[in-house]
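Structure file run.cif with mmCIF, C-alpha atoms:
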data_coords
loop_
_atom_site.label_atom_id
_atom_site.label_comp_id
_atom_site.auth_asym_id
_atom_site.auth_seq_id
_atom_site.Cartn_x
_atom_site.Cartn_y
_atom_site.Cartn_z
CA MET L 1 -7.91 -9.49 10.88
CA GLU L 2 -11.60 -10.22 11.54
CA LYS L 3 -11.39 -8.24 14.78
CA VAL L 4 -10.54 -4.99 12.95
CA ILE L 5 -12.02 -5.56 9.49
CA SER L 6 -15.55 -6.46 8.37
CA CYS L 7 -15.74 -8.13 4.98
CA PHE L 8 -19.16 -9.46 3.99
CA GLN L 9 -18.00 -10.79 0.62
CA ARG L 10 -14.55 -12.34 0.46
CA ARG L 11 -13.15 -12.15 -3.05
CA PRO L 12 -9.65 -13.65 -3.14
CA ASP L 13 -9.53 -13.22 -6.91
CA ALA L 14 -10.47 -9.51 -6.80
CA VAL L 15 -8.09 -7.26 -8.68
CA SER L 16 -8.25 -4.43 -6.12
CA ARG L 17 -9.50 -3.62 -2.62
CA LEU L 18 -11.52 -0.71 -1.26
CA ILE L 19 -10.71 0.12 2.38
CA CYS L 20 -13.53 2.09 4.06
CA PHE L 21 -13.29 4.11 7.27
CA PRO L 22 -16.38 4.87 9.45
CA TRP L 23 -17.80 8.27 10.25
CA ALA L 24 -17.66 9.47 13.87
CA GLY L 25 -19.47 7.05 16.14
CA GLY L 26 -20.16 4.76 13.21
CA GLY L 27 -19.63 1.07 12.65
CA SER L 28 -18.50 -0.99 9.70
CA THR L 29 -21.80 -2.47 8.45
CA HIS L 30 -22.78 0.34 6.07
CA TYR L 31 -19.57 -0.06 4.08
CA ALA L 32 -19.14 -3.80 4.49
CA ARG L 33 -22.38 -4.41 2.60
CA TRP L 34 -20.87 -2.55 -0.38
CA GLY L 35 -18.86 -5.71 -0.89
CA LYS L 36 -22.04 -7.47 -2.00
CA VAL L 37 -22.97 -4.66 -4.39
CA LEU L 38 -19.72 -3.78 -6.13
CA CYS L 39 -18.44 -5.87 -9.02
CA SER L 40 -16.47 -9.06 -8.41
CA SER L 41 -13.16 -7.39 -9.21
CA ILE L 42 -13.35 -5.25 -6.03
CA GLU L 43 -13.12 -6.59 -2.46
CA VAL L 44 -14.36 -4.27 0.31
CA PHE L 45 -12.74 -4.09 3.74
CA ALA L 46 -14.63 -1.96 6.30
CA VAL L 47 -12.62 -0.78 9.32
CA LYS L 48 -14.16 -1.63 12.71
CA LEU L 49 -12.95 0.54 15.60
CA PRO L 50 -12.98 -0.26 19.35
CA GLY L 51 -16.05 0.60 21.42
CA ARG L 52 -18.68 -0.55 18.92
CA GLU L 53 -20.13 -3.66 17.25
CA SER L 54 -18.19 -6.82 18.20
CA ARG L 55 -15.57 -4.60 19.88
CA ALA L 56 -18.09 -2.86 22.16
CA LYS L 57 -16.27 -3.85 25.37
CA GLU L 58 -12.93 -2.42 24.23
CA PRO L 59 -11.96 1.13 25.28
CA PHE L 60 -12.17 3.83 22.64
CA PHE L 61 -8.97 5.00 21.01
CA GLU L 62 -7.78 8.35 22.34
CA ASP L 63 -5.66 9.59 19.45
CA MET L 64 -5.18 9.20 15.72
CA GLN L 65 -1.88 7.36 16.04
CA GLN L 66 -3.61 4.44 17.74
CA ILE L 67 -5.98 4.10 14.78
CA VAL L 68 -3.15 4.36 12.26
CA ASP L 69 -1.00 1.79 14.09
CA GLU L 70 -3.80 -0.76 14.38
CA VAL L 71 -5.10 -0.42 10.82
CA ILE L 72 -1.65 -0.59 9.24
CA GLY L 73 -0.58 -3.39 11.57
CA VAL L 74 -3.50 -5.50 10.38
CA LEU L 75 -3.67 -4.47 6.72
CA LEU L 76 -0.06 -3.99 5.67
CA PRO L 77 0.46 -7.60 4.45
CA VAL L 78 -2.70 -7.57 2.30
CA LEU L 79 -2.13 -4.04 0.99
CA LYS L 80 1.15 -5.24 -0.47
CA GLU L 81 -0.68 -7.90 -2.47
CA LYS L 82 -2.73 -5.80 -4.89
CA PRO L 83 -3.92 -2.23 -5.64
CA PHE L 84 -6.07 -0.58 -2.97
CA ALA L 85 -8.19 2.56 -2.64
CA LEU L 86 -9.35 4.39 0.49
CA PHE L 87 -12.81 5.79 1.24
CA GLY L 88 -13.69 7.86 4.29
CA HIS L 89 -16.63 10.06 5.22
CA SER L 90 -16.30 12.90 7.78
CA PHE L 91 -14.20 11.43 10.63
CA GLY L 92 -13.38 8.65 8.20
CA ALA L 93 -11.85 11.14 5.77
CA PHE L 94 -9.36 12.14 8.48
CA THR L 95 -8.53 8.57 9.45
CA SER L 96 -8.10 7.43 5.85
CA PHE L 97 -5.82 10.42 5.22
CA ALA L 98 -3.72 9.66 8.33
CA VAL L 99 -3.37 6.03 7.24
CA ALA L 100 -2.42 7.03 3.68
CA ASP L 101 0.19 9.45 5.03
CA ALA L 102 1.81 6.80 7.25
CA MET L 103 1.65 4.15 4.53
CA LYS L 104 3.50 6.41 2.12
CA ILE L 105 6.12 7.76 4.52
CA ILE L 106 6.93 4.54 6.36
CA HIS L 107 6.14 1.79 3.87
CA LYS L 108 6.39 3.55 0.47
CA LEU L 109 2.90 2.37 -0.45
CA GLU L 110 0.08 4.53 -1.72
CA PRO L 111 -3.52 3.99 -2.82
CA VAL L 112 -4.56 4.03 -6.45
CA HIS L 113 -7.36 6.45 -5.49
CA MET L 114 -8.51 8.40 -2.41
CA PHE L 115 -12.25 9.07 -1.97
CA LEU L 116 -12.74 11.72 0.72
CA SER L 117 -16.22 12.76 1.81
CA GLY L 118 -17.88 15.37 4.00
CA ALA L 119 -14.78 16.93 5.55
CA SER L 120 -12.34 19.80 5.19
CA ALA L 121 -8.66 18.97 4.79
CA PRO L 122 -7.07 18.65 8.27
CA TYR L 123 -4.72 21.60 7.73
CA SER L 124 -7.28 23.99 6.18
CA GLU L 125 -8.08 27.27 7.95
CA MET L 126 -11.76 26.36 7.98
CA ARG L 127 -11.08 23.18 9.90
CA ILE L 128 -8.53 24.71 12.29
CA LYS L 129 -11.04 27.38 13.37
CA THR L 130 -13.76 24.83 14.13
CA PRO L 131 -14.71 24.98 17.86
CA LYS L 132 -14.10 21.89 19.95
CA ARG L 133 -17.32 20.06 20.83
CA SER L 134 -16.32 16.71 22.33
CA MET L 135 -16.22 18.06 25.90
CA LEU L 136 -19.78 19.44 25.81
CA SER L 137 -22.43 17.90 28.05
CA ASP L 138 -24.58 15.30 26.33
CA GLU L 139 -27.50 17.74 26.27
CA ASP L 140 -25.49 20.56 24.67
CA PHE L 141 -23.77 18.13 22.35
CA LEU L 142 -27.13 16.88 21.09
CA LYS L 143 -28.35 20.42 20.54
CA TRP L 144 -25.27 21.13 18.45
CA MET L 145 -25.67 17.93 16.43
CA ILE L 146 -29.28 18.76 15.64
CA SER L 147 -28.39 22.35 14.72
CA VAL L 148 -25.88 21.27 12.07
CA GLY L 149 -28.05 18.45 10.73
CA GLY L 150 -25.39 15.85 11.36
CA THR L 151 -27.53 13.34 13.21
CA PRO L 152 -28.95 10.30 11.40
CA PRO L 153 -32.77 10.54 11.68
CA GLU L 154 -33.04 6.98 12.97
CA LEU L 155 -30.97 7.93 16.02
CA LEU L 156 -33.03 11.01 16.87
CA ALA L 157 -36.14 8.82 16.79
CA ASN L 158 -34.75 6.53 19.49
CA PRO L 159 -33.35 8.31 22.58
CA ASP L 160 -32.15 5.06 24.18
CA VAL L 161 -30.10 4.14 21.13
CA LEU L 162 -28.81 7.71 20.94
CA LYS L 163 -27.48 7.48 24.51
CA LEU L 164 -25.52 4.37 23.52
CA PHE L 165 -24.25 6.07 20.38
CA LEU L 166 -23.06 9.31 22.02
CA PRO L 167 -19.93 7.96 23.80
CA ALA L 168 -18.49 6.58 20.54
CA LEU L 169 -19.34 9.76 18.68
CA LYS L 170 -17.73 12.01 21.28
CA ALA L 171 -14.68 9.75 21.52
CA ASP L 172 -14.13 9.92 17.75
CA LEU L 173 -14.66 13.67 17.77
CA HIS L 174 -12.05 13.97 20.52
CA VAL L 175 -9.57 12.15 18.26
CA VAL L 176 -10.26 14.55 15.38
CA GLU L 177 -10.13 17.66 17.53
CA ASN L 178 -6.68 16.69 18.77
CA TYR L 179 -5.29 15.68 15.38
CA TRP L 180 -3.08 18.26 13.71
CA TYR L 181 -1.31 18.16 10.39
CA ASN L 182 0.78 20.89 8.79
CA LYS L 183 -0.09 21.90 5.25
CA PRO L 184 2.07 19.82 2.88
CA GLN L 185 4.86 21.82 1.25
CA ARG L 186 4.54 19.50 -1.74
CA PRO L 187 2.18 16.63 -2.64
CA PHE L 188 3.21 13.34 -1.05
CA LEU L 189 0.84 11.21 -3.13
CA SER L 190 0.46 10.83 -6.88
CA CYS L 191 -2.96 9.13 -7.02
CA PRO L 192 -6.24 10.80 -8.04
CA ILE L 193 -8.28 12.43 -5.27
CA THR L 194 -12.09 12.61 -5.38
CA CYS L 195 -14.03 14.66 -2.83
CA PHE L 196 -17.74 14.04 -2.24
CA ASP L 197 -20.06 16.30 -0.24
CA GLY L 198 -23.71 17.09 0.44
CA LYS L 199 -24.95 20.36 -1.04
CA ASP L 200 -26.85 21.18 2.15
CA ASP L 201 -24.11 20.21 4.61
CA ILE L 202 -22.13 22.86 6.50
CA PRO L 203 -19.36 24.27 4.25
CA HIS L 204 -16.16 22.24 3.91
CA ASP L 205 -12.84 23.29 2.43
CA LEU L 206 -12.66 20.54 -0.14
CA GLU L 207 -10.24 22.42 -2.41
CA ALA L 208 -7.54 22.15 0.26
CA TRP L 209 -7.38 18.37 -0.28
CA LYS L 210 -5.76 19.13 -3.63
CA ASP L 211 -2.47 19.79 -1.79
CA ILE L 212 -1.90 16.15 -0.85
CA SER L 213 -1.49 14.69 -4.33
CA SER L 214 -0.14 15.53 -7.77
CA GLY L 215 -2.85 13.33 -9.32
CA ASP L 216 -6.19 14.40 -10.77
CA PHE L 217 -8.53 16.20 -8.39
CA THR L 218 -12.33 16.06 -8.62
CA ILE L 219 -15.21 17.38 -6.51
CA ARG L 220 -18.70 15.85 -6.71
CA LYS L 221 -21.62 17.30 -4.75
CA PHE L 222 -24.92 15.56 -4.08
CA ASP L 223 -28.38 16.60 -2.93
CA GLY L 224 -28.66 16.23 0.84
CA SER L 225 -26.89 17.21 4.05
CA HIS L 226 -24.15 15.49 6.02
CA PHE L 227 -25.41 11.96 5.48
CA TYR L 228 -26.20 12.43 1.81
CA LEU L 229 -24.41 9.13 1.10
CA LYS L 230 -27.16 7.17 2.88
CA ASP L 231 -29.63 8.16 0.18
CA SER L 232 -30.02 5.15 -2.14
CA GLU L 233 -29.79 7.19 -5.34
CA ASN L 234 -26.68 9.02 -4.15
CA GLU L 235 -25.14 5.76 -2.99
CA LYS L 236 -25.66 4.16 -6.39
CA ILE L 237 -23.94 7.08 -8.12
CA ILE L 238 -21.03 6.90 -5.67
CA LEU L 239 -20.59 3.15 -6.10
CA ASP L 240 -20.78 3.40 -9.89
CA TYR L 241 -18.18 6.17 -9.73
CA ILE L 242 -15.88 4.14 -7.49
CA THR L 243 -16.23 1.10 -9.73
CA LYS L 244 -15.37 3.06 -12.86
CA TYR L 245 -12.27 4.62 -11.34
CA LEU L 246 -10.99 1.44 -9.72
CA GLU L 247 -11.38 -0.49 -12.94
CA THR L 248 -9.40 2.24 -14.71
CA ALA L 249 -6.80 2.22 -11.94
CA GLU L 250 -6.45 -1.54 -12.29
CA LEU L 251 -5.51 -1.14 -15.95
CA ASP L 252 -3.02 1.60 -15.10
CA TYR L 253 -1.53 -0.51 -12.30
CA LEU L 254 -1.04 -3.46 -14.61
#
Target format structure tokens, applied to this file:
Amino acid sequence: MEKVISCFQRRPDAVSRLICFPWAGGGSTHYARWGKVLCSSIEVFAVKLPGRESRAKEPFFEDMQQIVDEVIGVLLPVLKEKPFALFGHSFGAFTSFAVADAMKIIHKLEPVHMFLSGASAPYSEMRIKTPKRSMLSDEDFLKWMISVGGTPPELLANPDVLKLFLPALKADLHVVENYWYNKPQRPFLSCPITCFDGKDDIPHDLEAWKDISSGDFTIRKFDGSHFYLKDSENEKIILDYITKYLETAELDYL
């Protein structure tokens, strides 16, 4: 499991688990460190994809099914043990959704909460009309990234690091651009859904996520653009929010 999952703070006695999925081109460290911040009743598993971190020599995945198969193959035994929630930002929102969909359909398991950030629902008109960018030249791709404000400042400040980062980012974007999902005719989940977003990010169709679950639906917006969640104040609010809802979910589950 260590190959696919980063867990900085093992908590075998935790009551629930939070499974976090990286943004496009991202690694697992940002989320894995949440395990040292959240209360002892929550264990954090951060998904680590091929082509980055300790898996840097592995080829990137080419489609969403590969991600779903690997994550479920590794996590299925532990997800049967205790309640779990999913968190995903941007590309991670799509991958967490795809995993939740497969878990429910194939294994009859569902999270106690879904936290979806910085992304339109995969079947929304807004998302479907988004132009494909993964095949752009590196130069044009960078210009687009800068124009939408989706580039972490620390990457823009270091061109050499940026060149290393671009292949993973474009590979993940290729996966998203080729992932299609028909609008659900009826909700397939029953858990609460919370959508987070930056007030200054490009518009996202967050309301469309309501279609996936019959549970409570909440939208929370924060000051900032696409990487609003890296702001320490925003992060604290998000983690407090997650803690509150997982502790409530634990009581409901019991």
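Comparing the minimum interatomic distances between Pro167 in chain L and each of L:Leu189, L:Ile219, L:Leu109, L:Met135, counting all atoms listed in the file, we find that L:Met135 sits nearest.
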| query | Residues around (-3.3, -3.1, -8.1), cut-off 12 Å, counting all atoms listed in the file - what are they as JSON, numbers by chain? | reply | {"L": [13, 14, 15, 16, 17, 18, 41, 42, 43, 78, 79, 80, 81, 82, 83, 84, 85, 109, 110, 111, 112, 113, 246, 247, 248, 249, 250, 251, 252, 253, 254]}
| request: Work out how far apart CA of Leu156 in chain L and CA of Ser225 in chain L are and give it in Å to one decimal. | output: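 It comes out at 15.5 Å.
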| field | Output check: residues returned by the PyMOL selection byres ((chain L and resi 5) around 12), as a PyMOL selection string | value | chain L and resi 1-4+6-10+18-22+27-29+31-32+44-50+53-55+70-75+78
| Excluding same-chain residues fewer than 2 positions from Ile212 in chain L, what lies within 9 Å of it counting only C-alpha atoms, as a list in words? | Lys183, Pro184, Arg186, Pro187, Phe188, Leu189, Ser190, Ile193, Ala208, Trp209, Lys210, Ser214 and Gly215 of chain L
Using C-alpha atoms, can you write the selected residues to a file as a PDB file, in the coordinates of the input?
ATOM      1  CA  LYS L 183      -0.090  21.900   5.250  1.00  0.00           C
ATOM      2  CA  PRO L 184       2.070  19.820   2.880  1.00  0.00           C
ATOM      3  CA  ARG L 186       4.540  19.500  -1.740  1.00  0.00           C
ATOM      4  CA  PRO L 187       2.180  16.630  -2.640  1.00  0.00           C
ATOM      5  CA  PHE L 188       3.210  13.340  -1.050  1.00  0.00           C
ATOM      6  CA  LEU L 189       0.840  11.210  -3.130  1.00  0.00           C
ATOM      7  CA  SER L 190       0.460  10.830  -6.880  1.00  0.00           C
ATOM      8  CA  ILE L 193      -8.280  12.430  -5.270  1.00  0.00           C
ATOM      9  CA  ALA L 208      -7.540  22.150   0.260  1.00  0.00           C
ATOM     10  CA  TRP L 209      -7.380  18.370  -0.280  1.00  0.00           C
ATOM     11  CA  LYS L 210      -5.760  19.130  -3.630  1.00  0.00           C
ATOM     12  CA  SER L 214      -0.140  15.530  -7.770  1.00  0.00           C
ATOM     13  CA  GLY L 215      -2.850  13.330  -9.320  1.00  0.00           C
TER      14      GLY L 215
END
| request: Have a look at L:Asp172, L:Asp216, L:Asp197, L:Asp211 and name the one nearest to Arg52 in chain L; count only C-alpha atoms. | output: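 Of L:Asp172, L:Asp216, L:Asp197, L:Asp211, the one nearest Arg52 in chain L is L:Asp172, counting only C-alpha atoms.
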| Interatomic distance (Å, one decimal) between CA of Gly26 in chain L and CA of Ala100 in chain L |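 CA of Gly26 in chain L sits 20.3 Å away from CA of Ala100 in chain L.
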| task | Considering only C-alpha atoms, return as a PyMOL selection string whatever protein or nucleic-acid residues lie within 10 Å of Tyr179 in chain L, sequence-local ones (same chain, fewer than 2 positions apart) excluded. | result | chain L and resi 63-65+94-95+98+122-123+173-177+181
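Straight-line separation from CA of Trp144 in chain L to CA of Lys132 in chain L: 11.3 Å.
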| note | Among L:Lys230, L:Arg11, L:Lys143, L:His89, Gly25 in chain L is approached most closely, using all atoms listed in the file, by L:His89
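Across L:Leu38, L:Leu169, L:Cys195, L:Met126, the tightest approach to Phe222 in chain L is made by L:Cys195 when counting only C-alpha atoms.
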| message | Considering all atoms listed in the file, can you say which of L:Gln185, L:Ser120, L:Ser232, L:Ser40 comes closest to Pro203 in chain L? | response |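 With all atoms listed in the file as the atom set, the closest residue is L:Ser120.
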| field | Residue IDs satisfying the PyMOL selection byres ((chain L and resi 117) around 8), as an NGL selection string | value | :L and (87-90 or 93 or 115-116 or 118-119 or 195-197)
| Result set of the PyMOL selection byres ((chain L and resi 226) around 6) on the coordinates above, as a list of chain:residue names | L:Gly150, L:Gly198, L:Asp201, L:Ser225, L:Phe227, L:Tyr228
| said: My list of candidates is L:Val37, L:Phe97, L:Ala171, L:Trp23. Which is closest to Ile238 in chain L when distances are computed with all atoms listed in the file? | reply: L:Val37
